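Undergrad: The following block contains the structure, expressed as C-alpha cells.
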Amino acid sequence: MRSDLRPSSRTASAVAALTVLALGAGTAPAIAEEPTPPAPATVGIGRAVTEEYQRGAFHVDAWTDAAGATVTAVSAKIRKRDAVVAEIPALTQASWNRNYFSLPAATTLKLTEDGGTIPELGKYAIDITATDSLGNTLTRTDAGTLDFTLKPQLDIGFSAPSWDDRSTRPSGRLLGVQPGSGDLVPIPGRGISVQRLTPDTGVAQATTDEKGEFIGEPYGEVVIGDEFRVSYAENSEQVHGSYGSTRQISTWHSRSVTVTAGADKTRLLPGEKVTITGRMTDPKNADAPLAEQEVRVGLAAGGYTGSPVWQTVSTDADGRFTAQLPSAPGTRLDSWVVSSVDPFLSFPSVGARLAMPQESRVLVSRGLLAADGKVTVTGAFRPWYNPEQFYGYASEKLLLENSADGRTGWRVLATSYADGSDFPVSFNLNGRSQGGYFRVRHPLSDVFTESGSVVFRMVRTPTRVVSVNAAPEPVRKGAVVTVTAGVQQQIGGVWKAYGNAPVSLWFQARGQSAWKQLATGRTAANGVSTFKTKATADGWYVVRHSGDASHFNAPAAVADYIDVR
C-alpha cells in the first residue's frame with residue numbers, strides 16, 4: 001500500500017497559524033513563479049544541401065505542423081562567418097513536393113567576377129527562414145553548408161605504342177567546373193596518380209601545369225590490353241571532389257608487312273597433315289626479310305580462324321616459316337589461313353581453300369532382290385561424328401554396286417544423291433541384277449571421305465522354260481489343244497528339271513498385241529508342264545514361270561504357233 005503523503009488536519013492548522021504570525025510581523029515570504037514553457041514550434045526546416053551538378057544552387061525541405069496551414073515563404077542568407085554575402089528573399093516551391101524548396105534558376109549564386117555576390121570559392125553557411133500561412137515563423141541558423149568549390153573534371157589519354165616504340169605515356173588535363181557560371185578553369189599544381197595494373201608497378205605522380213595539363217613518365221614494353229588506373233582527389237576551399245578511371249591500351253600503330261604462303265596439298269584427308277610454308281618481308285625496307293616474327297597458321301571455316309587446329313611459328317633469318325597441321329575429325333573446316341599474332345605487325349590474312357573431307361558412313365537398312373531381277377536398297381548416309389553436320393551441304397553421290405564374289409569386279413547398278421538440305425539423309429537405290437554380292441558406296445568428295453556399307457549377298461535360283469509345243473497342228477476350231485513345256489532351274493551351274501514349279505499358260509491371237517492368261521498349274525517331277533485348252537483362233541502359246549520366294553522368273557521361250565481351221 002502506498003503511503004499517504006497528504007498533511008493531517010493538525011499539521012494544517014499549525015501551518016496556518018505560522019502563516020498568520022508571519023503576516024502579522026509585516027514581512028511576506030518570496031514565492032518563486034514557475035517559468036512558462038515555450039510554445040512548441042509548428043514550422044520545421046530540414047538540412048540545406050548543395051546541388052550535385054550545380055554548386056551555385058541548393059535545396060531544402062520546410063514544413064508546418066499547424067492544422068490546415070501550409071508553408072508560404074522560405075528565404076535564405078549565405079554568409080561567411082558573420083558577413084552575409086548573399087540574400088535570397090524567396091526560394092521556389094516544387095510542384096511535385098510542396099515541402100521542397102530550391103534556389104530559383106535565375107538567381108544561381110555566382111562569383112563577383114561572374115556578376116554574382118560570392119567573393120571567392122569556398123564553403124559558406126546557409127541560414128533558412130520559413131513562414132506558414134498562419135504566420136508561424138522559424139529561422140534555422142547553419143541549416144547547411146554551401147559547397148561553393150570547383151568540381152574536378154579529369155580528361156586522360158595514353159599515347160599509342162608502335163612496332164618501333166612499344167611504350168606509352170599518360171597525359172591529360174585537370175579542369176574545374178566553376179559554380180554558377182559552369183565555366184571550365186584549369187587546376188594547376190595538383191598531383192595526378194597513375195598506376196599500371198598489368199603488371200602492378202606502383203603509383204607514380206604527375207603534376208598539372210598552369211593550364212591544368214600533365215604528362216606522366218613513359219611505361220615500356222606495353223602489351224595491347226594493359227590496364228592503367230588514373231585518379232585524383234582533393235577537399236579544399238577551392239576544389240572538392242575526386243575522379244578515378246581505369247583505361248586499357250586499345251590504340252596502337254602497326255607496321256605493314258608482306259606475307260606470302262602456300263600449302264603442299266589442296267585436300268586433307270583424316271589422319272594426314274598439311275604443310276604450309278611462307279615468308280615475311282618488309283616493303284618499307286626493299287622487301288628485306290623479317291626474322292623472329294610470330295605468325296599464326298591454322299585451319300579455318302570460311303576464312304575464320306576460330307578452329308582448335310592452329311600453330312604459332314616464328315620466321316627464320318630469311319623471314320621464312322613452316323607449320324604442319326593435322327586434320328580435324330568432326331570439325332567443319334574448308335581452308336587454311338595465316339594471320340598476325342603481334343598487333344604491332346599488320347598484313348592481310350593469307351590463305352586458300354583446303355578441302356577437308358570428314359569421315360562418313362553408309363547404313364543399309366533393307367535390301368531386296370525381286371523375282372523379276374529388280375534390286376531395291378534403302379538406308380541412310382551419315383557423317384561419322386555428328387549426324388547433323390551434314391545439314392546444309394550439297395548433294396553427295398551414292399552408288400549401288402554388284403560383284404560376283406564380293407571382292408572384285410564391282411560394277412555400278414544405280415546412282416543416287418544424298419541431299420544435305422533434307423535431314424535426316426536417307427537413300428533409295430534401284431537397279432537390276434541376277435544376284436550376287438552388293439554394297440552401297442560413297443566415293444570421295446571434298447566434303448566427305450569415301451565410305452561403304454557392309455557387303456551383303458542376295459541370291460535367287462535362275463529358271464528357264466524350254467521345249468514349248470502346242471499340238472496337234474493344224475487343229476480344228478473347238479478341238480482340244482495340248483501345250484507342253486519343260487521348266488528348269490540352275491543348280492551349281494547345271495540346268496536341271498524343276499518339279500512342282502508354278503507355271504501359267506498364255507495365248508496371243510494373230511493380229512493382236514495383248515497376251516491373255518488361259519490357265520495355271522505346276523510342273524511334274526520331271527519339270528514338264530501340260531495344259532489342255534480349246535482352239536479358238538490362230539495364234540501363239542507360251543508357258544511362263546513367275547518365280548517364288550527363292551527363284552527368278554523364267555524368261556519366256558520361243559512361242560509355238562498353231563493353225564486353227
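Identifiers for the C-alpha cells are assigned positionally: chains receive A, B, ... in sequence, residues are indexed from 1 per chain, and ligands are indexed from 1 in the order shown.
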Name the residues in contact with segment 104-121 of chain A at a cut-off of 7 Å, using only C-alpha atoms, excluding same-chain residues fewer than 5 positions from it; report them as a PyMOL selection string.
TA: chain A and resi 56-57+85-86+91-92+148-149+179-181+237-238
Undergrad: Of the residues A:Ser245, A:Gln54, A:Thr520, A:Thr322, which is the one nearest to Asp183 of chain A, using only C-alpha atoms?
TA: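 Of A:Ser245, A:Gln54, A:Thr520, A:Thr322, the one nearest Asp183 of chain A, counting only C-alpha atoms, is A:Gln54.
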Undergrad: Return as CSV the residues of segment 405-484 of chain A lying at most 10 Å from segment 261-285 of chain A, together with the closest atom-to-atom pair for each and the distance in Å to one decimal, counting only C-alpha atoms, with rows in chain order and ascending residue number.
TA:
residue,atom,partner,partner_atom,distance
A:Leu444,CA,A:Leu269,CA,9.8
A:Ser445,CA,A:Arg267,CA,9.5
A:Asp446,CA,A:Arg267,CA,7.2
A:Val447,CA,A:Arg267,CA,9.9
A:Phe448,CA,A:Leu269,CA,9.2
A:Thr449,CA,A:Leu269,CA,7.4
Undergrad: Emit the selected residues as a PDB file, in the first residue's frame, including N, CA, C and O atoms.
TA:
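Saved result, result.pdb, follows:
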ATOM      1  N   LEU A 444      34.854 -40.616-102.658  1.00  0.00           N
ATOM      2  CA  LEU A 444      35.499 -39.466-102.020  1.00  0.00           C
ATOM      3  C   LEU A 444      35.053 -38.161-102.677  1.00  0.00           C
ATOM      4  O   LEU A 444      35.004 -38.044-103.900  1.00  0.00           O
ATOM      5  N   SER A 445      34.729 -37.162-101.834  1.00  0.00           N
ATOM      6  CA  SER A 445      34.396 -35.808-102.302  1.00  0.00           C
ATOM      7  C   SER A 445      35.151 -34.812-101.435  1.00  0.00           C
ATOM      8  O   SER A 445      35.873 -35.186-100.510  1.00  0.00           O
ATOM      9  N   ASP A 446      34.971 -33.531-101.716  1.00  0.00           N
ATOM     10  CA  ASP A 446      35.622 -32.505-100.897  1.00  0.00           C
ATOM     11  C   ASP A 446      34.962 -32.353 -99.540  1.00  0.00           C
ATOM     12  O   ASP A 446      35.510 -31.680 -98.659  1.00  0.00           O
ATOM     13  N   VAL A 447      33.805 -32.972 -99.370  1.00  0.00           N
ATOM     14  CA  VAL A 447      33.061 -32.821 -98.120  1.00  0.00           C
ATOM     15  C   VAL A 447      33.209 -34.048 -97.228  1.00  0.00           C
ATOM     16  O   VAL A 447      33.428 -33.923 -96.023  1.00  0.00           O
ATOM     17  N   PHE A 448      33.120 -35.245 -97.826  1.00  0.00           N
ATOM     18  CA  PHE A 448      33.169 -36.468 -97.038  1.00  0.00           C
ATOM     19  C   PHE A 448      34.115 -37.481 -97.673  1.00  0.00           C
ATOM     20  O   PHE A 448      34.299 -37.520 -98.900  1.00  0.00           O
ATOM     21  N   THR A 449      34.705 -38.294 -96.804  1.00  0.00           N
ATOM     22  CA  THR A 449      35.621 -39.332 -97.268  1.00  0.00           C
ATOM     23  C   THR A 449      34.844 -40.446 -97.949  1.00  0.00           C
ATOM     24  O   THR A 449      33.621 -40.543 -97.845  1.00  0.00           O
TER      25      THR A 449
END
Undergrad: Residues within 7 Å of segment 426-441 of chain A, please, as a PyMOL selection string. Count only C-alpha atoms; anything in the same chain fewer than 3 positions from it doesn't count.
TA: chain A and resi 373-381+398-406+413-416+418+451-460
Undergrad: Can you tell me which residues surround Thr131 of chain A at a distance of at most 10 Å, considering only C-alpha atoms, apart from same-chain residues fewer than 4 positions away, and format the answer as a PDB file with N, CA, C and O atoms, in the first residue's frame?
TA:
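What ended up in around-v1.pdb:
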ATOM      1  N   THR A  42       5.833  25.033 -34.698  1.00  0.00           N
ATOM      2  CA  THR A  42       4.954  24.404 -35.701  1.00  0.00           C
ATOM      3  C   THR A  42       5.600  24.341 -37.058  1.00  0.00           C
ATOM      4  O   THR A  42       5.170  23.584 -37.914  1.00  0.00           O
ATOM      5  N   VAL A  43       6.645  25.136 -37.304  1.00  0.00           N
ATOM      6  CA  VAL A  43       7.348  25.140 -38.582  1.00  0.00           C
ATOM      7  C   VAL A  43       8.657  24.371 -38.438  1.00  0.00           C
ATOM      8  O   VAL A  43       9.372  24.546 -37.454  1.00  0.00           O
ATOM      9  N   GLY A  44       8.941  23.522 -39.413  1.00  0.00           N
ATOM     10  CA  GLY A  44      10.173  22.737 -39.396  1.00  0.00           C
ATOM     11  C   GLY A  44      11.016  23.020 -40.621  1.00  0.00           C
ATOM     12  O   GLY A  44      10.491  23.299 -41.702  1.00  0.00           O
ATOM     13  N   ALA A  62      11.055  22.272 -46.031  1.00  0.00           N
ATOM     14  CA  ALA A  62      10.416  23.060 -44.966  1.00  0.00           C
ATOM     15  C   ALA A  62       8.961  22.653 -44.882  1.00  0.00           C
ATOM     16  O   ALA A  62       8.311  22.401 -45.907  1.00  0.00           O
ATOM     17  N   TRP A  63       8.424  22.604 -43.636  1.00  0.00           N
ATOM     18  CA  TRP A  63       7.049  22.134 -43.439  1.00  0.00           C
ATOM     19  C   TRP A  63       6.440  22.804 -42.216  1.00  0.00           C
ATOM     20  O   TRP A  63       7.115  23.495 -41.449  1.00  0.00           O
ATOM     21  N   THR A  64       5.156  22.621 -42.021  1.00  0.00           N
ATOM     22  CA  THR A  64       4.447  23.129 -40.836  1.00  0.00           C
ATOM     23  C   THR A  64       3.557  22.039 -40.290  1.00  0.00           C
ATOM     24  O   THR A  64       2.971  21.249 -41.044  1.00  0.00           O
ATOM     25  N   THR A  70      -0.070  25.804 -44.461  1.00  0.00           N
ATOM     26  CA  THR A  70       0.964  25.420 -45.424  1.00  0.00           C
ATOM     27  C   THR A  70       2.104  26.411 -45.343  1.00  0.00           C
ATOM     28  O   THR A  70       1.926  27.556 -44.912  1.00  0.00           O
ATOM     29  N   VAL A  71       3.270  25.958 -45.746  1.00  0.00           N
ATOM     30  CA  VAL A  71       4.423  26.857 -45.789  1.00  0.00           C
ATOM     31  C   VAL A  71       4.233  27.805 -46.973  1.00  0.00           C
ATOM     32  O   VAL A  71       4.034  27.363 -48.120  1.00  0.00           O
ATOM     33  N   THR A  72       4.308  29.094 -46.699  1.00  0.00           N
ATOM     34  CA  THR A  72       4.052  30.095 -47.747  1.00  0.00           C
ATOM     35  C   THR A  72       5.303  30.832 -48.189  1.00  0.00           C
ATOM     36  O   THR A  72       5.317  31.399 -49.280  1.00  0.00           O
ATOM     37  N   ALA A  73       6.329  30.853 -47.377  1.00  0.00           N
ATOM     38  CA  ALA A  73       7.519  31.615 -47.752  1.00  0.00           C
ATOM     39  C   ALA A  73       8.754  30.978 -47.128  1.00  0.00           C
ATOM     40  O   ALA A  73       8.740  30.593 -45.948  1.00  0.00           O
ATOM     41  N   VAL A  74       9.805  30.845 -47.942  1.00  0.00           N
ATOM     42  CA  VAL A  74      11.106  30.358 -47.466  1.00  0.00           C
ATOM     43  C   VAL A  74      12.172  31.276 -48.056  1.00  0.00           C
ATOM     44  O   VAL A  74      12.210  31.492 -49.275  1.00  0.00           O
ATOM     45  N   SER A  75      13.022  31.828 -47.212  1.00  0.00           N
ATOM     46  CA  SER A  75      14.112  32.692 -47.652  1.00  0.00           C
ATOM     47  C   SER A  75      15.425  32.161 -47.104  1.00  0.00           C
ATOM     48  O   SER A  75      15.433  31.268 -46.250  1.00  0.00           O
ATOM     49  N   GLY A 135       1.175  32.465 -40.054  1.00  0.00           N
ATOM     50  CA  GLY A 135       2.126  33.433 -39.509  1.00  0.00           C
ATOM     51  C   GLY A 135       3.202  32.824 -38.654  1.00  0.00           C
ATOM     52  O   GLY A 135       4.057  33.548 -38.119  1.00  0.00           O
ATOM     53  N   ASN A 136       3.207  31.534 -38.462  1.00  0.00           N
ATOM     54  CA  ASN A 136       4.264  30.887 -37.691  1.00  0.00           C
ATOM     55  C   ASN A 136       5.565  30.958 -38.469  1.00  0.00           C
ATOM     56  O   ASN A 136       5.611  30.656 -39.670  1.00  0.00           O
ATOM     57  N   THR A 137       6.632  31.347 -37.805  1.00  0.00           N
ATOM     58  CA  THR A 137       7.926  31.560 -38.455  1.00  0.00           C
ATOM     59  C   THR A 137       9.031  30.869 -37.670  1.00  0.00           C
ATOM     60  O   THR A 137       8.993  30.826 -36.435  1.00  0.00           O
ATOM     61  N   LEU A 138      10.003  30.322 -38.433  1.00  0.00           N
ATOM     62  CA  LEU A 138      11.157  29.704 -37.798  1.00  0.00           C
ATOM     63  C   LEU A 138      12.389  30.016 -38.632  1.00  0.00           C
ATOM     64  O   LEU A 138      12.345  29.982 -39.861  1.00  0.00           O
ATOM     65  N   THR A 139      13.471  30.375 -37.960  1.00  0.00           N
ATOM     66  CA  THR A 139      14.763  30.569 -38.623  1.00  0.00           C
ATOM     67  C   THR A 139      15.741  29.521 -38.112  1.00  0.00           C
ATOM     68  O   THR A 139      15.906  29.371 -36.892  1.00  0.00           O
TER      69      THR A 139
END
Undergrad: For atom CA of Arg166 of chain A and atom CA of Glu294 of chain A, quote the distance in Å rounded to one decimal.
TA: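 Computing the Euclidean distance for atom CA of Arg166 of chain A and atom CA of Glu294 of chain A yields 16.4 Å.
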Undergrad: Report as a CSV table (one decimal) with N, CA and C atoms, in the first residue's frame all protein, DNA and RNA residues lying within 6 Å of Phe344 of chain A, evaluated on only C-alpha atoms, omitting residues in the same chain fewer than 2 positions from it.
TA:
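Result file is selection.csv:
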chain,number,residue,atom,x,y,z
A,163,TRP,N,55.3,-0.4,-83.4
A,163,TRP,CA,56.2,-1.5,-83.5
A,163,TRP,C,57.6,-1.1,-83.2
A,254,SER,N,50.5,0.1,-86.1
A,254,SER,CA,51.0,-1.2,-86.7
A,254,SER,C,52.0,-0.9,-87.8
A,255,ARG,N,52.9,-1.8,-88.0
A,255,ARG,CA,53.8,-1.8,-89.1
A,255,ARG,C,53.3,-2.8,-90.2
A,342,ASP,N,51.2,-10.6,-83.5
A,342,ASP,CA,51.6,-9.4,-82.9
A,342,ASP,C,50.7,-8.3,-83.5
Undergrad: I need the residues of segment 133-188 of chain A that end up classed as strand (DSSP E) by DSSP on the backbone, written out as a PDB file with C-alpha atoms, in the first residue's frame.
TA:
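Final file, out-v9.pdb:
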ATOM      1  CA  THR A 137       7.926  31.560 -38.455  1.00  0.00           C
ATOM      2  CA  LEU A 138      11.157  29.704 -37.798  1.00  0.00           C
ATOM      3  CA  THR A 139      14.763  30.569 -38.623  1.00  0.00           C
ATOM      4  CA  ARG A 140      17.368  27.828 -38.672  1.00  0.00           C
ATOM      5  CA  THR A 141      20.905  29.123 -38.469  1.00  0.00           C
ATOM      6  CA  ASP A 142      23.550  26.934 -40.103  1.00  0.00           C
ATOM      7  CA  ALA A 143      20.894  24.861 -41.802  1.00  0.00           C
ATOM      8  CA  GLY A 144      23.572  23.660 -44.203  1.00  0.00           C
ATOM      9  CA  THR A 145      26.838  24.398 -45.950  1.00  0.00           C
ATOM     10  CA  LEU A 146      27.051  25.760 -49.466  1.00  0.00           C
ATOM     11  CA  ASP A 147      29.885  23.836 -51.148  1.00  0.00           C
ATOM     12  CA  PHE A 148      30.876  26.684 -53.454  1.00  0.00           C
ATOM     13  CA  LYS A 151      34.053  20.283 -59.204  1.00  0.00           C
ATOM     14  CA  PRO A 152      37.051  18.465 -60.761  1.00  0.00           C
ATOM     15  CA  GLN A 153      36.943  17.060 -64.265  1.00  0.00           C
ATOM     16  CA  LEU A 154      39.885  14.996 -65.474  1.00  0.00           C
ATOM     17  CA  ASP A 155      40.495  14.268 -69.153  1.00  0.00           C
ATOM     18  CA  ILE A 156      43.061  11.496 -69.679  1.00  0.00           C
ATOM     19  CA  GLY A 157      44.655   9.618 -72.555  1.00  0.00           C
ATOM     20  CA  PHE A 158      47.588   7.400 -73.451  1.00  0.00           C
ATOM     21  CA  PRO A 170      49.755   9.053 -69.826  1.00  0.00           C
ATOM     22  CA  SER A 171      48.654  12.644 -70.341  1.00  0.00           C
ATOM     23  CA  GLY A 172      45.616  14.774 -69.808  1.00  0.00           C
ATOM     24  CA  ARG A 173      44.171  17.911 -68.284  1.00  0.00           C
ATOM     25  CA  LEU A 174      42.611  18.680 -64.898  1.00  0.00           C
ATOM     26  CA  LEU A 175      39.786  21.219 -65.060  1.00  0.00           C
ATOM     27  CA  GLY A 176      37.318  22.551 -62.522  1.00  0.00           C
ATOM     28  CA  VAL A 177      33.652  23.261 -63.169  1.00  0.00           C
ATOM     29  CA  LEU A 184      35.843  25.234 -67.014  1.00  0.00           C
ATOM     30  CA  VAL A 185      39.003  26.573 -65.455  1.00  0.00           C
ATOM     31  CA  PRO A 186      42.404  24.843 -65.199  1.00  0.00           C
TER      32      PRO A 186
END
Undergrad: Taking 4 positions as the minimum chain separation for residues in the same chain, which residues sit within 10 Å of Asn97 of chain A when counting only C-alpha atoms? Answer as a list of chain:residue names.
TA: A:Asp61, A:Gln93, A:Phe101
Undergrad: Output the selection as an mmCIF file, in the first residue's frame - N, CA and C atoms for each residue.
TA:
data_model
loop_
_atom_site.group_PDB
_atom_site.id
_atom_site.type_symbol
_atom_site.label_atom_id
_atom_site.label_comp_id
_atom_site.auth_asym_id
_atom_site.auth_seq_id
_atom_site.Cartn_x
_atom_site.Cartn_y
_atom_site.Cartn_z
ATOM 1 N N ASP A 61 14.195 21.262 -47.363
ATOM 2 C CA ASP A 61 12.808 20.900 -47.040
ATOM 3 C C ASP A 61 12.304 21.776 -45.900
ATOM 4 N N GLN A 93 9.100 26.885 -54.659
ATOM 5 C CA GLN A 93 8.471 25.664 -54.165
ATOM 6 C C GLN A 93 8.242 24.702 -55.331
ATOM 7 N N PHE A 101 11.993 23.117 -51.464
ATOM 8 C CA PHE A 101 12.262 24.478 -51.919
ATOM 9 C C PHE A 101 13.704 24.544 -52.426
#
Undergrad: Please list as a PDB file with N, CA and C atoms, in the first residue's frame every residue within 6 Å of segment 521-528 of chain A, counting only C-alpha atoms and excluding residues in the same chain fewer than 2 positions away.
TA:
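Printed below is result-v5.pdb as written:
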ATOM      1  N   ALA A 485       5.564 -77.945-121.952  1.00  0.00           N
ATOM      2  CA  ALA A 485       6.817 -77.169-121.849  1.00  0.00           C
ATOM      3  C   ALA A 485       7.615 -77.713-120.679  1.00  0.00           C
ATOM      4  N   GLY A 486       8.918 -77.600-120.783  1.00  0.00           N
ATOM      5  CA  GLY A 486       9.797 -78.004-119.696  1.00  0.00           C
ATOM      6  C   GLY A 486      10.310 -76.780-118.928  1.00  0.00           C
ATOM      7  N   VAL A 487      10.376 -76.895-117.618  1.00  0.00           N
ATOM      8  CA  VAL A 487      10.889 -75.821-116.769  1.00  0.00           C
ATOM      9  C   VAL A 487      12.119 -76.352-116.033  1.00  0.00           C
ATOM     10  N   ALA A 497      15.892 -80.365-114.116  1.00  0.00           N
ATOM     11  CA  ALA A 497      14.433 -80.261-114.127  1.00  0.00           C
ATOM     12  C   ALA A 497      13.939 -79.634-112.830  1.00  0.00           C
ATOM     13  N   TYR A 498      12.942 -78.760-112.963  1.00  0.00           N
ATOM     14  CA  TYR A 498      12.379 -78.030-111.809  1.00  0.00           C
ATOM     15  C   TYR A 498      10.955 -78.517-111.605  1.00  0.00           C
ATOM     16  N   GLY A 499      10.795 -79.516-110.706  1.00  0.00           N
ATOM     17  CA  GLY A 499       9.473 -80.076-110.448  1.00  0.00           C
ATOM     18  C   GLY A 499       8.668 -79.228-109.479  1.00  0.00           C
ATOM     19  N   ASN A 500       7.360 -79.341-109.631  1.00  0.00           N
ATOM     20  CA  ASN A 500       6.398 -78.625-108.775  1.00  0.00           C
ATOM     21  C   ASN A 500       6.561 -77.104-108.875  1.00  0.00           C
ATOM     22  N   ALA A 501       7.014 -76.640-110.005  1.00  0.00           N
ATOM     23  CA  ALA A 501       7.183 -75.191-110.205  1.00  0.00           C
ATOM     24  C   ALA A 501       5.865 -74.582-110.641  1.00  0.00           C
ATOM     25  N   PRO A 502       5.474 -73.460-110.109  1.00  0.00           N
ATOM     26  CA  PRO A 502       4.245 -72.813-110.548  1.00  0.00           C
ATOM     27  C   PRO A 502       4.413 -72.254-111.963  1.00  0.00           C
ATOM     28  N   VAL A 503       3.468 -72.575-112.865  1.00  0.00           N
ATOM     29  CA  VAL A 503       3.540 -72.137-114.257  1.00  0.00           C
ATOM     30  C   VAL A 503       2.178 -71.626-114.693  1.00  0.00           C
TER      31      VAL A 503
END
Undergrad: Could you pull out all residues of segment 307-421 of chain A with a DSSP call of helix (DSSP H, G or I) and give them as a VMD selection string?
TA: chain A and resid 387 to 390
Undergrad: Distance atom CA of Pro555 of chain A-atom CA of Val542 of chain A, one decimal place?
TA: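 Going from atom CA of Pro555 of chain A over to atom CA of Val542 of chain A, I get 10.6 Å.
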Undergrad: Which is closest to Gly511 of chain A among A:Leu345, A:Leu325, A:Ala537, A:Ile249, if we use only C-alpha atoms?
TA: A:Ala537
Undergrad: Would you work out the distance separating atom CA of Gln195 of chain A from atom CA of Thr208 of chain A, expressed in Å to one decimal?
TA: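 Result for atom CA of Gln195 of chain A versus atom CA of Thr208 of chain A: 16.6 Å, one decimal.
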